Amino acid sequence: MRAKIVYCGLAAVLVVYFVLVGSRGVMLIEQGTAITVAFGIAVLILPFIGAWFLYQTTKFARDANRLARELEAEGGLPVDELERTPSGRVDRDSADAVFARRRAETEAAPEDWRSWFRLAVAYHDARDTPRARKAMQRAIALHDGKPVRPDAR
């Protein structure tokens, strides 16, 4: 719950920032000179790009949470079986062992969104965030019946 509150707070701050930057872009365009109009248009593009990234990130998080709730209802969420260091961090060897099992599970059932979800969690535990995101995106696409690229691993 704390992560959701922090995320919502940061998203709200970003939206305020987008409004402020957008108003500066409009002010530059209102100046009417060629250079200020060009800068104003460039400044107006930034909030749109930021808003698109914020939307995509929020949509991804919502979709991943939806899959997690569904998997939890089925009793299929991965069990936390990772060993931890005294500081609380995940032991790398333990994460690698769990990852190997999850990868084998996914290779055995490549069209099952559940195995891709669990693989994404294993990637995350192994601190491989880009692959965790790609695996979760594949799980979401498989769940929703969308086409997936065969090479996306």
# chains A, B, ... in the order shown; residues from 1 in each chain; ligands from 1

$ residues_around --residues "Leu10 of chain A" --least-positions-apart "6" --cutoff "12 Å" --atoms "only C-alpha atoms" --output "PyMOL selection string"
chain A and resi 3-4+16-17+54+58

$ write_last_selection --atoms "C-alpha atoms" --output "mmCIF file, in the first residue's frame"
data_model
loop_
_atom_site.group_PDB
_atom_site.id
_atom_site.type_symbol
_atom_site.label_atom_id
_atom_site.label_comp_id
_atom_site.auth_asym_id
_atom_site.auth_seq_id
_atom_site.Cartn_x
_atom_site.Cartn_y
_atom_site.Cartn_z
ATOM 1 C CA ALA A 3 4.257 1.903 -2.740
ATOM 2 C CA LYS A 4 0.876 2.852 -4.236
ATOM 3 C CA VAL A 16 1.653 19.537 -11.794
ATOM 4 C CA TYR A 17 5.081 19.769 -13.430
ATOM 5 C CA LEU A 54 3.317 8.107 -17.106
ATOM 6 C CA THR A 58 0.507 3.219 -14.850
#

$ residues_around --residues "Val121 of chain A" --least-positions-apart "6" --cutoff "9 Å" --atoms "only C-alpha atoms" --output "MDAnalysis selection string"
chainID A and resid 78 99 132 135:136

$ residues_around --residues "Arg92 of chain A" --least-positions-apart "5" --cutoff "12 Å" --atoms "only C-alpha atoms" --output "list in words"
Leu82, Glu83, Arg84, Thr85, Ala97, Val98, Phe99, Ala122, Tyr123, His124, Asp125, Ala126, Arg127 and Asp128 of chain A

$ select_by_dssp --residues "chain A" --states "alpha helix (DSSP H)" --output "VMD selection string"
chain A and resid 2 to 31 34 to 74 92 to 108 113 to 125 129 to 144

$ closest_residue --among "A:Lys146, A:Arg118, A:Arg2, A:Arg133" --to "Leu77 of chain A" --atoms "only C-alpha atoms"
A:Arg118

$ residues_around --residues "Ala139 of chain A" --least-positions-apart "4" --cutoff "9 Å" --atoms "only C-alpha atoms" --output "VMD selection string"
chain A and resid 64 67 111 to 117 120 134 to 135 143 to 144

$ write_last_selection --atoms "N, CA and C atoms" --output "PDB file, in the first residue's frame"
ATOM      1  N   ALA A  64      -0.253  -5.646 -14.458  1.00  0.00           N
ATOM      2  CA  ALA A  64       0.518  -6.626 -13.694  1.00  0.00           C
ATOM      3  C   ALA A  64      -0.177  -6.951 -12.375  1.00  0.00           C
ATOM      4  N   LEU A  67      -3.113  -9.296 -13.044  1.00  0.00           N
ATOM      5  CA  LEU A  67      -2.669 -10.677 -13.197  1.00  0.00           C
ATOM      6  C   LEU A  67      -2.291 -11.282 -11.851  1.00  0.00           C
ATOM      7  N   GLU A 111       3.124 -20.872 -23.827  1.00  0.00           N
ATOM      8  CA  GLU A 111       1.893 -20.122 -24.095  1.00  0.00           C
ATOM      9  C   GLU A 111       1.072 -19.868 -22.833  1.00  0.00           C
ATOM     10  N   ASP A 112       1.608 -20.228 -21.674  1.00  0.00           N
ATOM     11  CA  ASP A 112       0.900 -20.051 -20.405  1.00  0.00           C
ATOM     12  C   ASP A 112       1.342 -18.743 -19.755  1.00  0.00           C
ATOM     13  N   TRP A 113       0.408 -17.811 -19.626  1.00  0.00           N
ATOM     14  CA  TRP A 113       0.741 -16.513 -19.039  1.00  0.00           C
ATOM     15  C   TRP A 113       1.206 -16.660 -17.605  1.00  0.00           C
ATOM     16  N   ARG A 114       0.727 -17.684 -16.889  1.00  0.00           N
ATOM     17  CA  ARG A 114       1.098 -17.880 -15.485  1.00  0.00           C
ATOM     18  C   ARG A 114       2.594 -18.156 -15.348  1.00  0.00           C
ATOM     19  N   SER A 115       3.125 -18.980 -16.243  1.00  0.00           N
ATOM     20  CA  SER A 115       4.556 -19.283 -16.171  1.00  0.00           C
ATOM     21  C   SER A 115       5.387 -18.048 -16.499  1.00  0.00           C
ATOM     22  N   TRP A 116       4.907 -17.218 -17.433  1.00  0.00           N
ATOM     23  CA  TRP A 116       5.624 -15.983 -17.758  1.00  0.00           C
ATOM     24  C   TRP A 116       5.564 -14.997 -16.597  1.00  0.00           C
ATOM     25  N   PHE A 117       4.445 -14.966 -15.883  1.00  0.00           N
ATOM     26  CA  PHE A 117       4.334 -14.111 -14.705  1.00  0.00           C
ATOM     27  C   PHE A 117       5.361 -14.537 -13.663  1.00  0.00           C
ATOM     28  N   ALA A 120       8.791 -13.605 -14.678  1.00  0.00           N
ATOM     29  CA  ALA A 120       9.033 -12.171 -14.468  1.00  0.00           C
ATOM     30  C   ALA A 120       9.424 -11.903 -13.018  1.00  0.00           C
ATOM     31  N   LYS A 134       9.967  -7.300 -19.655  1.00  0.00           N
ATOM     32  CA  LYS A 134       9.597  -7.949 -20.914  1.00  0.00           C
ATOM     33  C   LYS A 134       8.802  -9.230 -20.657  1.00  0.00           C
ATOM     34  N   ALA A 135       9.208 -10.006 -19.660  1.00  0.00           N
ATOM     35  CA  ALA A 135       8.477 -11.227 -19.331  1.00  0.00           C
ATOM     36  C   ALA A 135       7.071 -10.899 -18.835  1.00  0.00           C
ATOM     37  N   HIS A 143      -2.223 -13.278 -21.546  1.00  0.00           N
ATOM     38  CA  HIS A 143      -3.463 -13.284 -20.771  1.00  0.00           C
ATOM     39  C   HIS A 143      -4.592 -12.600 -21.538  1.00  0.00           C
ATOM     40  N   ASP A 144      -4.265 -11.475 -22.164  1.00  0.00           N
ATOM     41  CA  ASP A 144      -5.273 -10.680 -22.861  1.00  0.00           C
ATOM     42  C   ASP A 144      -5.529 -11.166 -24.285  1.00  0.00           C
TER      43      ASP A 144
END
